[in-house]
file run.txt (compact mmCIF, C-alpha atoms)
# COMPACT_ATOMS: atom_id res chain seq x y z
CA MET A 1 -130.78 115.76 252.75
CA ALA A 2 -129.80 116.66 256.30
CA ALA A 3 -132.50 116.40 258.95
CA GLY A 4 -133.77 119.82 259.97
CA PRO A 5 -135.69 120.87 263.06
CA HIS A 6 -139.05 120.27 261.34
CA THR A 7 -138.26 117.03 259.62
CA ARG A 8 -139.48 113.69 261.03
CA GLU A 9 -137.01 111.01 261.89
CA ALA A 10 -137.30 107.80 259.95
CA ARG A 11 -138.98 105.05 261.97
CA PRO A 12 -138.49 101.35 261.36
CA ALA A 13 -141.42 99.52 259.80
CA PRO A 14 -143.52 97.45 262.25
CA PRO A 15 -143.47 93.68 261.95
CA ALA A 16 -145.64 92.17 259.29
CA ASP A 17 -148.07 90.63 261.84
CA GLN A 18 -148.74 94.02 263.50
CA ARG A 19 -149.22 96.23 260.42
CA ARG A 20 -152.56 98.01 260.20
CA PRO A 21 -154.32 97.18 256.91
CA ARG A 22 -155.92 99.97 254.92
CA GLY A 23 -159.32 100.90 256.27
CA GLY A 24 -159.25 98.27 258.99
CA ALA A 25 -158.19 97.68 262.57
CA ALA A 26 -154.81 96.50 263.64
CA VAL A 27 -154.25 92.80 263.22
CA ARG A 28 -153.75 91.00 266.52
CA PRO A 29 -150.56 89.06 266.96
CA ALA A 30 -150.83 85.39 266.23
CA PRO A 31 -151.31 83.27 269.40
CA ARG A 32 -148.32 81.46 270.74
CA PRO A 33 -148.06 77.86 269.68
CA ALA A 34 -149.19 75.25 272.18
CA ALA A 35 -145.63 74.05 272.68
CA ALA A 36 -144.57 77.50 273.91
CA ARG A 37 -147.30 77.71 276.58
CA ARG A 38 -146.49 76.94 280.19
CA PRO A 39 -147.24 73.27 280.80
CA VAL A 40 -149.77 72.36 283.45
CA GLY A 41 -148.82 69.46 285.72
CA PRO A 42 -151.12 66.49 286.19
CA VAL A 43 -151.84 67.36 289.83
CA ARG A 44 -152.78 70.92 288.93
CA ARG A 45 -154.89 69.70 286.02
CA GLU A 46 -156.80 67.26 288.20
CA LEU A 47 -157.32 69.94 290.86
CA ARG A 48 -158.79 72.33 288.30
CA ARG A 49 -161.04 69.59 286.98
CA ALA A 50 -162.23 68.72 290.48
CA LEU A 51 -162.96 72.34 291.38
CA ALA A 52 -164.85 72.83 288.13
CA SER A 53 -167.17 69.92 288.90
CA PRO A 54 -170.72 70.94 289.88
CA LEU A 55 -170.62 68.42 292.76
CA THR A 56 -167.41 69.72 294.36
CA ALA A 57 -169.20 71.65 297.12
CA TYR A 58 -171.56 68.74 297.77
CA TYR A 59 -168.78 66.20 298.26
CA LEU A 60 -166.62 68.58 300.30
CA LEU A 61 -169.50 69.25 302.67
CA LEU A 62 -170.43 65.60 302.93
CA GLY A 63 -166.88 64.33 303.36
CA SER A 64 -165.65 66.96 305.82
CA GLY A 65 -168.86 66.81 307.87
CA LEU A 66 -168.76 63.03 308.21
CA LEU A 67 -165.02 62.85 308.93
CA LEU A 68 -165.16 65.58 311.58
CA THR A 69 -168.13 63.92 313.30
CA VAL A 70 -166.47 60.49 313.36
CA LEU A 71 -163.18 62.00 314.55
CA GLY A 72 -165.13 63.82 317.26
CA LEU A 73 -166.60 60.53 318.48
CA VAL A 74 -163.14 58.97 318.73
CA MET A 75 -161.64 61.95 320.53
CA VAL A 76 -164.56 62.33 322.93
CA LEU A 77 -164.15 58.67 323.89
CA SER A 78 -160.44 59.20 324.47
CA ALA A 79 -160.64 62.57 326.26
CA SER A 80 -163.65 61.88 328.50
CA GLN A 81 -162.83 58.50 330.04
CA ILE A 82 -161.36 59.76 333.33
CA THR A 83 -163.96 62.51 333.78
CA SER A 84 -166.72 60.02 332.99
CA ARG A 85 -165.36 57.52 335.51
CA THR A 86 -165.08 60.22 338.19
CA ILE A 87 -168.57 61.67 337.72
CA TYR A 88 -170.69 58.72 336.57
CA GLY A 89 -168.64 55.70 337.68
CA SER A 90 -168.34 54.46 334.09
CA PHE A 91 -165.59 55.10 331.56
CA ASP A 92 -167.96 55.38 328.60
CA GLU A 93 -171.00 57.26 330.00
CA ILE A 94 -170.07 60.60 328.35
CA PHE A 95 -169.19 58.83 325.11
CA SER A 96 -172.54 57.00 325.15
CA LYS A 97 -174.40 60.31 325.34
CA GLN A 98 -172.35 61.69 322.45
CA LEU A 99 -173.04 58.53 320.46
CA ILE A 100 -176.78 58.97 321.01
CA ALA A 101 -176.51 62.58 319.79
CA VAL A 102 -174.65 61.45 316.66
CA ALA A 103 -177.22 58.70 316.08
CA ILE A 104 -179.92 61.41 316.10
CA GLY A 105 -177.79 63.88 314.16
CA PHE A 106 -177.11 61.73 311.09
CA PRO A 107 -180.80 61.20 310.22
CA LEU A 108 -181.39 64.87 310.98
CA MET A 109 -178.61 65.85 308.57
CA TRP A 110 -180.02 63.52 305.91
CA ILE A 111 -183.51 64.98 306.30
CA ALA A 112 -182.10 68.52 306.08
CA SER A 113 -180.22 67.59 302.90
CA ARG A 114 -183.51 66.50 301.29
CA LEU A 115 -185.80 69.30 302.52
CA PRO A 116 -187.22 71.55 299.78
CA LEU A 117 -186.22 75.18 299.97
CA ARG A 118 -189.72 76.37 300.91
CA TRP A 119 -189.67 74.28 304.09
CA TYR A 120 -186.65 76.13 305.46
CA ARG A 121 -188.54 79.38 305.11
CA ARG A 122 -191.65 77.90 306.72
CA LEU A 123 -189.61 76.68 309.70
CA ALA A 124 -187.93 80.04 310.32
CA TYR A 125 -190.59 81.83 312.40
CA PRO A 126 -191.88 78.95 314.57
CA PHE A 127 -188.33 77.73 315.21
CA LEU A 128 -187.23 81.21 316.34
CA LEU A 129 -190.27 81.50 318.62
CA CYS A 130 -189.50 78.13 320.21
CA CYS A 131 -185.90 79.20 320.84
CA VAL A 132 -187.01 82.45 322.51
CA VAL A 133 -189.41 80.55 324.77
CA ALA A 134 -186.67 78.04 325.66
CA LEU A 135 -184.21 80.85 326.43
CA CYS A 136 -186.79 82.35 328.79
CA LEU A 137 -187.34 78.97 330.48
CA VAL A 138 -183.64 78.86 331.31
CA MET A 139 -184.25 81.69 333.79
CA VAL A 140 -187.11 79.87 335.54
CA PRO A 141 -186.02 78.39 338.90
CA GLY A 142 -186.23 74.63 338.92
CA VAL A 143 -186.10 74.46 335.11
CA GLY A 144 -182.85 76.19 334.22
CA ILE A 145 -179.53 74.68 335.31
CA GLN A 146 -176.39 76.62 336.20
CA VAL A 147 -173.02 75.16 335.17
CA ASN A 148 -169.63 76.84 335.70
CA GLY A 149 -171.25 80.16 336.55
CA ASN A 150 -173.46 80.25 333.44
CA ARG A 151 -177.19 79.58 333.43
CA ASN A 152 -177.73 78.27 329.89
CA TRP A 153 -179.18 74.78 330.25
CA ILE A 154 -182.57 73.15 330.70
CA GLY A 155 -182.66 69.84 332.53
CA LEU A 156 -184.31 66.93 330.69
CA GLY A 157 -183.78 63.94 332.95
CA SER A 158 -180.22 62.75 332.55
CA PHE A 159 -179.74 65.06 329.56
CA GLN A 160 -179.31 68.81 329.35
CA LEU A 161 -180.46 71.12 326.55
CA GLN A 162 -178.74 74.41 325.71
CA PRO A 163 -181.25 76.59 323.79
CA SER A 164 -178.64 79.19 322.81
CA GLU A 165 -177.01 76.65 320.46
CA PHE A 166 -180.29 76.16 318.59
CA ALA A 167 -180.83 79.94 318.55
CA LYS A 168 -177.87 80.27 316.14
CA LEU A 169 -179.61 78.10 313.56
CA ALA A 170 -182.92 79.86 314.18
CA LEU A 171 -181.32 83.27 313.55
CA VAL A 172 -179.76 82.04 310.31
CA LEU A 173 -183.11 80.85 308.93
CA TRP A 174 -185.17 83.75 310.22
CA GLY A 175 -182.65 86.44 309.27
CA ALA A 176 -182.27 85.03 305.75
CA ASP A 177 -186.04 84.89 305.31
CA VAL A 178 -186.59 88.45 306.59
CA LEU A 179 -183.90 89.97 304.39
CA THR A 180 -185.16 88.00 301.38
CA ARG A 181 -188.72 89.27 301.83
CA LYS A 182 -187.40 92.84 302.03
CA ARG A 183 -184.87 92.57 299.21
CA ARG A 184 -186.56 95.34 297.21
CA LEU A 185 -186.46 97.71 300.20
CA LEU A 186 -182.93 97.05 301.45
CA GLY A 187 -181.73 100.34 300.00
CA GLN A 188 -183.45 101.99 302.97
CA TRP A 189 -181.54 101.40 306.19
CA ARG A 190 -184.65 101.05 308.38
CA HIS A 191 -185.89 98.12 306.29
CA MET A 192 -182.48 96.45 306.41
CA PHE A 193 -182.19 96.75 310.20
CA VAL A 194 -185.83 96.22 311.24
CA PRO A 195 -186.88 93.68 312.37
CA LEU A 196 -183.54 91.82 312.07
CA LEU A 197 -181.59 93.85 314.62
CA PRO A 198 -184.37 94.03 317.26
CA GLY A 199 -184.90 90.26 316.99
CA ALA A 200 -181.17 89.59 317.25
CA LEU A 201 -180.87 91.92 320.24
CA VAL A 202 -183.62 89.99 322.05
CA ILE A 203 -181.69 86.75 321.52
CA LEU A 204 -178.42 88.40 322.58
CA PHE A 205 -180.00 89.80 325.73
CA LEU A 206 -181.38 86.43 326.78
CA VAL A 207 -178.04 84.72 326.08
CA LEU A 208 -176.07 87.35 328.01
CA VAL A 209 -178.45 87.16 330.97
CA GLY A 210 -177.42 83.53 331.21
CA GLY A 211 -173.77 84.60 331.18
CA ASP A 212 -172.75 82.98 327.87
CA MET A 213 -170.53 85.62 326.29
CA GLY A 214 -168.94 83.17 323.84
CA THR A 215 -172.26 82.34 322.19
CA ALA A 216 -173.14 86.05 322.13
CA MET A 217 -169.95 86.74 320.17
CA ILE A 218 -170.83 84.09 317.58
CA ILE A 219 -174.39 85.43 317.23
CA THR A 220 -172.96 88.91 316.67
CA VAL A 221 -170.69 87.62 313.89
CA LEU A 222 -173.62 85.74 312.36
CA VAL A 223 -175.86 88.82 312.24
CA LEU A 224 -173.08 91.00 310.81
CA ALA A 225 -172.46 88.36 308.11
CA LEU A 226 -176.14 88.43 307.13
CA LEU A 227 -176.08 92.22 306.87
CA TRP A 228 -172.84 92.15 304.87
CA ILE A 229 -174.25 89.67 302.35
CA ALA A 230 -177.45 91.72 302.11
CA GLY A 231 -175.37 94.77 301.13
CA ALA A 232 -175.25 96.91 304.29
CA PRO A 233 -172.89 99.92 304.02
CA GLY A 234 -169.33 99.63 305.33
CA ARG A 235 -169.74 102.43 307.88
CA LEU A 236 -172.30 100.27 309.67
CA PHE A 237 -169.65 97.65 310.37
CA ALA A 238 -167.18 100.22 311.67
CA LEU A 239 -169.88 101.49 314.05
CA ALA A 240 -170.87 97.93 315.02
CA ILE A 241 -167.26 96.96 315.81
CA ALA A 242 -166.88 100.05 317.99
CA VAL A 243 -170.12 99.35 319.88
CA VAL A 244 -169.32 95.65 320.32
CA SER A 245 -165.83 96.49 321.60
CA VAL A 246 -167.21 98.87 324.21
CA LEU A 247 -169.90 96.40 325.34
CA ALA A 248 -167.39 93.54 325.48
CA THR A 249 -165.06 95.63 327.63
CA VAL A 250 -167.89 96.45 330.04
CA LEU A 251 -169.00 92.82 330.26
CA ILE A 252 -165.42 91.67 330.91
CA VAL A 253 -164.87 94.22 333.66
CA LEU A 254 -168.17 93.41 335.39
CA LYS A 255 -167.43 89.68 335.74
CA PRO A 256 -164.26 88.67 337.66
CA HIS A 257 -163.95 85.28 335.91
CA ARG A 258 -164.08 86.97 332.50
CA ALA A 259 -161.42 89.45 333.57
CA ALA A 260 -159.28 86.53 334.76
CA ARG A 261 -159.67 84.84 331.36
CA PHE A 262 -158.61 88.03 329.59
CA VAL A 263 -155.54 88.36 331.81
CA GLY A 264 -154.77 84.70 331.09
CA PHE A 265 -154.89 85.47 327.37
CA LEU A 266 -152.29 88.23 327.81
CA ASP A 267 -149.99 85.92 329.78
CA PRO A 268 -151.06 82.23 329.82
CA PHE A 269 -148.30 81.32 332.27
CA ALA A 270 -148.92 84.11 334.79
CA ASP A 271 -150.62 81.68 337.20
CA PRO A 272 -150.35 78.16 335.68
CA ASN A 273 -151.72 76.52 338.84
CA GLY A 274 -154.56 78.99 339.34
CA SER A 275 -156.42 81.43 337.10
CA THR A 276 -154.46 80.59 333.92
CA LEU A 277 -154.43 76.82 334.47
CA GLN A 278 -156.60 75.99 331.46
CA ALA A 279 -154.70 78.25 329.05
CA ALA A 280 -151.30 76.99 330.20
CA GLN A 281 -152.27 73.30 330.16
CA GLY A 282 -153.72 73.65 326.68
CA ILE A 283 -150.39 74.94 325.38
CA TYR A 284 -148.53 72.20 327.28
CA SER A 285 -150.71 69.54 325.67
CA LEU A 286 -150.10 70.90 322.18
CA ALA A 287 -146.36 71.11 322.80
CA THR A 288 -146.24 67.53 324.09
CA GLY A 289 -147.74 66.06 320.92
CA GLY A 290 -144.88 66.90 318.59
CA TRP A 291 -145.29 65.94 314.92
CA PHE A 292 -147.33 62.74 315.19
CA GLY A 293 -148.61 62.76 318.78
CA SER A 294 -148.35 60.26 321.59
CA GLY A 295 -151.18 58.06 320.30
CA ILE A 296 -154.94 57.91 320.85
CA GLY A 297 -155.82 57.34 324.49
CA THR A 298 -152.42 58.43 325.89
CA SER A 299 -153.15 62.05 326.76
CA TYR A 300 -151.98 63.27 330.18
CA GLY A 301 -154.30 66.26 330.13
CA LYS A 302 -157.46 64.15 330.37
CA TRP A 303 -156.36 62.88 333.80
CA GLY A 304 -157.47 66.15 335.35
CA THR A 305 -154.70 68.61 334.57
CA LEU A 306 -156.59 70.04 331.54
CA PRO A 307 -160.09 71.34 332.42
CA GLU A 308 -162.88 70.68 329.88
CA ALA A 309 -160.64 68.30 327.90
CA HIS A 310 -163.58 66.69 326.08
CA THR A 311 -165.50 69.92 325.38
CA ASP A 312 -163.93 73.34 324.89
CA PHE A 313 -160.30 72.12 324.85
CA ILE A 314 -160.63 68.94 322.83
CA PHE A 315 -158.39 70.51 320.17
CA ALA A 316 -155.55 70.43 322.71
CA VAL A 317 -156.12 66.69 323.25
CA ILE A 318 -156.08 66.20 319.47
CA GLY A 319 -152.73 67.99 319.35
CA GLU A 320 -151.34 65.86 322.16
CA GLU A 321 -152.54 62.48 320.85
CA LEU A 322 -152.39 63.06 317.08
CA GLY A 323 -149.68 65.71 316.93
CA LEU A 324 -149.24 68.58 314.51
CA VAL A 325 -150.32 66.34 311.64
CA GLY A 326 -153.63 65.65 313.39
CA THR A 327 -154.38 69.29 314.19
CA LEU A 328 -153.53 70.40 310.64
CA SER A 329 -155.78 67.66 309.29
CA VAL A 330 -158.66 68.93 311.42
CA LEU A 331 -158.06 72.51 310.27
CA THR A 332 -157.92 71.32 306.64
CA LEU A 333 -161.31 69.63 307.01
CA PHE A 334 -162.80 72.81 308.46
CA ALA A 335 -161.21 74.83 305.64
CA ALA A 336 -162.81 72.50 303.09
CA LEU A 337 -166.19 72.89 304.80
CA GLY A 338 -165.84 76.68 304.85
CA TYR A 339 -164.77 76.82 301.19
CA ALA A 340 -167.74 74.69 300.18
CA GLY A 341 -170.15 76.89 302.14
CA ILE A 342 -168.78 80.07 300.55
CA ARG A 343 -168.94 78.46 297.12
CA VAL A 344 -172.60 77.54 297.59
CA ALA A 345 -173.42 81.08 298.72
CA SER A 346 -171.54 82.71 295.83
CA ARG A 347 -172.88 80.52 293.01
CA THR A 348 -176.58 80.57 293.79
CA LYS A 349 -179.06 83.01 292.28
CA ASP A 350 -181.55 82.60 295.11
CA GLN A 351 -181.30 85.36 297.72
CA PHE A 352 -182.49 83.17 300.59
CA VAL A 353 -179.95 80.45 299.78
CA ARG A 354 -177.16 83.02 299.56
CA LEU A 355 -178.02 84.51 302.94
CA ALA A 356 -178.68 81.21 304.74
CA ALA A 357 -175.56 79.53 303.34
CA GLY A 358 -173.39 82.55 304.11
CA GLY A 359 -174.82 82.94 307.61
CA ALA A 360 -174.39 79.26 308.47
CA THR A 361 -170.82 79.23 307.14
CA ALA A 362 -169.95 82.39 309.08
CA TRP A 363 -171.40 80.85 312.28
CA ILE A 364 -169.44 77.59 311.98
CA MET A 365 -166.16 79.22 310.90
CA ALA A 366 -166.37 81.90 313.61
CA GLN A 367 -166.88 79.21 316.23
CA VAL A 368 -163.89 77.25 314.90
CA MET A 369 -161.64 80.33 314.99
CA ILE A 370 -162.73 81.32 318.51
CA ASN A 371 -162.24 77.79 319.87
CA VAL A 372 -158.91 77.08 318.17
CA GLY A 373 -157.64 80.59 318.88
CA ALA A 374 -158.36 80.12 322.58
CA VAL A 375 -156.53 76.78 322.69
CA LEU A 376 -153.52 78.24 320.87
CA GLY A 377 -153.43 81.26 323.18
CA LEU A 378 -154.25 83.69 320.36
CA LEU A 379 -157.67 84.66 321.76
CA PRO A 380 -159.23 84.81 325.22
CA ILE A 381 -161.00 81.66 326.37
CA ALA A 382 -164.66 82.08 325.43
CA GLY A 383 -166.03 78.67 326.39
CA VAL A 384 -167.36 77.64 322.98
CA PRO A 385 -167.10 74.03 321.67
CA LEU A 386 -165.35 72.94 318.49
CA PRO A 387 -168.14 72.29 315.94
CA LEU A 388 -168.87 68.61 315.19
CA VAL A 389 -165.93 67.50 317.37
CA SER A 390 -166.49 68.59 320.97
CA TYR A 391 -168.83 66.78 323.34
CA GLY A 392 -172.34 68.15 323.60
CA GLY A 393 -175.53 67.20 321.79
CA SER A 394 -176.97 70.71 322.01
CA ALA A 395 -174.09 72.03 319.90
CA LEU A 396 -173.82 68.97 317.65
CA LEU A 397 -177.44 68.66 316.48
CA PRO A 398 -177.98 72.20 315.08
CA THR A 399 -174.53 72.10 313.47
CA MET A 400 -175.29 68.79 311.73
CA PHE A 401 -178.63 70.21 310.59
CA ALA A 402 -176.80 73.25 309.21
CA VAL A 403 -174.39 70.99 307.28
CA GLY A 404 -177.40 69.10 305.92
CA MET A 405 -178.97 72.41 304.87
CA LEU A 406 -175.77 73.35 303.03
CA LEU A 407 -175.87 69.95 301.32
CA SER A 408 -179.42 70.69 300.20
CA PHE A 409 -178.32 74.05 298.81
CA ALA A 410 -175.28 72.45 297.11
CA ARG A 411 -177.62 70.12 295.23
CA GLY A 412 -179.15 73.24 293.69
CA GLU A 413 -175.87 74.42 292.12
CA PRO A 414 -175.92 74.71 288.31
CA LYS A 415 -175.77 71.19 286.78
CA ALA A 416 -175.43 69.57 290.24
CA GLU A 417 -178.91 68.00 290.19
CA ALA A 418 -178.28 66.50 286.76
CA ALA A 419 -174.89 65.17 287.85
CA LEU A 420 -176.41 63.51 290.91
CA ALA A 421 -179.16 61.95 288.79
CA ALA A 422 -176.60 60.63 286.30
CA ARG A 423 -174.62 59.09 289.14
CA GLY A 424 -177.42 56.61 289.82
CA PRO A 425 -178.62 55.24 293.18
CA GLY A 426 -176.31 55.60 296.15
CA ALA A 427 -174.69 52.88 298.21
CA VAL A 428 -177.51 52.81 300.79
CA ARG A 429 -180.19 52.45 298.15
CA ARG A 430 -178.21 49.74 296.34
CA ALA A 431 -177.79 47.85 299.63
CA PHE A 432 -181.53 47.93 300.30
CA ALA A 433 -182.17 46.79 296.73
CA ARG A 434 -180.09 43.69 297.36
CA ILE A 435 -181.76 42.94 300.71
CA LEU A 436 -185.27 43.60 299.42
CA PRO A 437 -185.24 42.64 295.71
CA ARG A 438 -187.90 44.18 293.56
CA ARG A 439 -190.74 41.88 292.59
CA ASP A 440 -192.38 42.24 289.24
CA GLY A 441 -195.94 41.28 288.63
call {"tool": "encode", "arguments": {"input": "run.txt", "output": "structure tokens"}}
result
Amino acid sequence: MAAGPHTREARPAPPADQRRPRGGAAVRPAPRPAAARRPVGPVRRELRRALASPLTAYYLLLGSGLLLTVLGLVMVLSASQITSRTIYGSFDEIFSKQLIAVAIGFPLMWIASRLPLRWYRRLAYPFLLCCVVALCLVMVPGVGIQVNGNRNWIGLGSFQLQPSEFAKLALVLWGADVLTRKRRLLGQWRHMFVPLLPGALVILFLVLVGGDMGTAMIITVLVLALLWIAGAPGRLFALAIAVVSVLATVLIVLKPHRAARFVGFLDPFADPNGSTLQAAQGIYSLATGGWFGSGIGTSYGKWGTLPEAHTDFIFAVIGEELGLVGTLSVLTLFAALGYAGIRVASRTKDQFVRLAAGGATAWIMAQVMINVGAVLGLLPIAGVPLPLVSYGGSALLPTMFAVGMLLSFARGEPKAEAALAARGPGAVRRAFARILPRRDG
């Protein structure tokens, strides 16, 4: 019979594995055989297995923190020899001070990695109060010390203390504790912002009075990270970026040396022997290193052509002596540390741990980006050190404590505590067991 306008066209029968049985749902197609699946290489398989381990964040934090600190010691020794000889009459005076800071920092990091969670919350308020008092003491004549136009240090004999570096850690702990206590009220904007924003503004004011705009930028990023993790609305961040941009512009215009740094960022070679000397010499040092560098101890920049070679611009010395391979290795270690911090913050169920881990990671990663960006000529020079690498005990100690805190939080990941217990005693404990054998009876 010919097909008419109201007749249905004949359709081919569906395959047997897709036919709908009577009174039931459609049968799903049979899974592809294992041989037809895309094979996974051994490297990719091992990477997946490593990332799935509950101790991945713990070992990444421990390994990257230790390697960056040791590398920092080596590079400070190399980059500071000429400056140390000129100022102190000894080639290793600056290195000796950094070594003392590291010797204090390692036990501090170990203690932080073993502290119970409740102790971090107990330390938050008194630690913040001590930092505020120290920031006020910086302004007292005879107590505060002015260096390179900034008044941010307190003199302690032959050592100098910079309270603004410790204020970053204090804000992380205090801000995380405040937002955790108010977690049921964070739907109301006044409870989310008060007292966190007023407290942060007090710290920012005291830091800016001392002239340290770089630290103020990092504190701003830290506070915004805490609010973001706590669930602040997106329009707040748009408003905050606008306000910060206006204030930064005003602060740059009011200070001639800041305006000169901003001009140097726009054209690092505008005045390579004057106002843009540091920016230009940093790029020269990086370009000189090539792929594998000129070797440790052979930098030309440390002879006086590169200002602050052992502090703010130590990344340029790394590029000159260790080459592109060395700089990429340093960035890889920081990337591993940042990944581990984000992983700890995202996997925990504890609100305080999420906020403290996220805030500490944002602080360290923001400081890395500002420092490296300034050396590469991608950002204006802000005068902030490279975490764990640059010279300076005031910056090193709170950062090592923060890494230890992240290690403590990483131990609380699901199944991480059991995995550490199954691993048995560590190398240090085994060594002490051999030196001091256990006596029975």
call {"tool": "closest_atom_pairs", "arguments": {"input": "run.txt", "of": "segment 70-185 of chain A", "to": "segment 292-307 of chain A", "cutoff": "7 Å", "atoms": "only C-alpha atoms", "output": "CSV"}}
result
residue,atom,partner,partner_atom,distance
A:Ser78,CA,A:Gly297,CA,5.0
A:Ala79,CA,A:Lys302,CA,5.4
A:Ser80,CA,A:Lys302,CA,6.9
A:Ile82,CA,A:Trp303,CA,5.9
call {"tool": "residues_around", "arguments": {"input": "run.txt", "residues": "segment 159-167 of chain A", "least_positions_apart": "6", "cutoff": "8 Å", "atoms": "all atoms listed in the file", "output": "list of chain:residue names"}}
result
A:Leu128, A:Cys131, A:Val132, A:Ala134, A:Leu135, A:Asn152, A:Trp153, A:Ile203, A:Val207, A:Thr215, A:Gly393, A:Ser394, A:Ala395, A:Pro398
call {"tool": "closest_residue", "arguments": {"input": "run.txt", "among": "A:Leu227, A:Cys136, A:Leu68, A:Leu185", "to": "Leu208 of chain A", "atoms": "all atoms listed in the file"}}
result
A:Cys136
call {"tool": "axis_aligned_box", "arguments": {"input": "run.txt", "around": "segment 62-79 of chain A", "padding_each_side": "4 Å", "output": "lines of an AutoDock Vina configuration file"}}
result
center_x = -165.4
center_y = 62.8
center_z = 314.6
size_x = 18.0
size_y = 16.3
size_z = 31.3
call {"tool": "closest_residue", "arguments": {"input": "run.txt", "among": "A:Leu47, A:Val253, A:Leu226, A:Leu129", "to": "Ala345 of chain A", "atoms": "all atoms listed in the file"}}
result
A:Leu226
call {"tool": "atom_distance", "arguments": {"input": "run.txt", "atom1": "atom CA of Trp189 of chain A", "atom2": "atom CA of Leu169 of chain A"}}
result
24.5 Å
call {"tool": "residues_around", "arguments": {"input": "run.txt", "residues": "Leu115 of chain A", "least_positions_apart": "4", "cutoff": "12 Å", "atoms": "only C-alpha atoms", "output": "list in words"}}
result
Leu108, Met109, Trp110, Ile111, Trp119, Tyr120, Arg121, Arg122, Leu123, Phe401, Ala402, Gly404, Met405, Leu406, Leu407, Ser408, Phe409, Arg411 and Gly412 of chain A
call {"tool": "closest_atom_pairs", "arguments": {"input": "run.txt", "of": "segment 151-268 of chain A", "to": "segment 282-290 of chain A", "cutoff": "12 Å", "atoms": "all atoms listed in the file", "output": "tab-separated table"}}
result
residue	atom	partner	partner_atom	distance
A:Gly264	CA	A:Gly282	CA	11.9
A:Phe265	CA	A:Ile283	CA	11.6
A:Asp267	CA	A:Ile283	CA	11.8
A:Pro268	CA	A:Ile283	CA	8.6
call {"tool": "residues_around", "arguments": {"input": "run.txt", "residues": "Leu99 of chain A", "least_positions_apart": "4", "cutoff": "8 Å", "atoms": "all atoms listed in the file", "output": "ChimeraX atom specification"}}
result
/A:73,95,103
call {"tool": "closest_residue", "arguments": {"input": "run.txt", "among": "A:Ala230, A:Val76, A:Ile219, A:Ala124", "to": "Trp363 of chain A", "atoms": "all atoms listed in the file"}}
result
A:Ile219
call {"tool": "closest_residue", "arguments": {"input": "run.txt", "among": "A:Leu420, A:Val372, A:Val250, A:Ala279", "to": "Val263 of chain A", "atoms": "only C-alpha atoms"}}
result
A:Ala279
call {"tool": "closest_residue", "arguments": {"input": "run.txt", "among": "A:Met365, A:Ser329, A:Ala240, A:Gln98", "to": "Gly72 of chain A", "atoms": "only C-alpha atoms"}}
result
A:Gln98
call {"tool": "atom_distance", "arguments": {"input": "run.txt", "atom1": "atom CA of Phe127 of chain A", "atom2": "atom CA of Leu196 of chain A"}}
result
15.2 Å
call {"tool": "atom_distance", "arguments": {"input": "run.txt", "atom1": "atom CA of Ile318 of chain A", "atom2": "atom CA of Gly149 of chain A"}}
result
26.8 Å
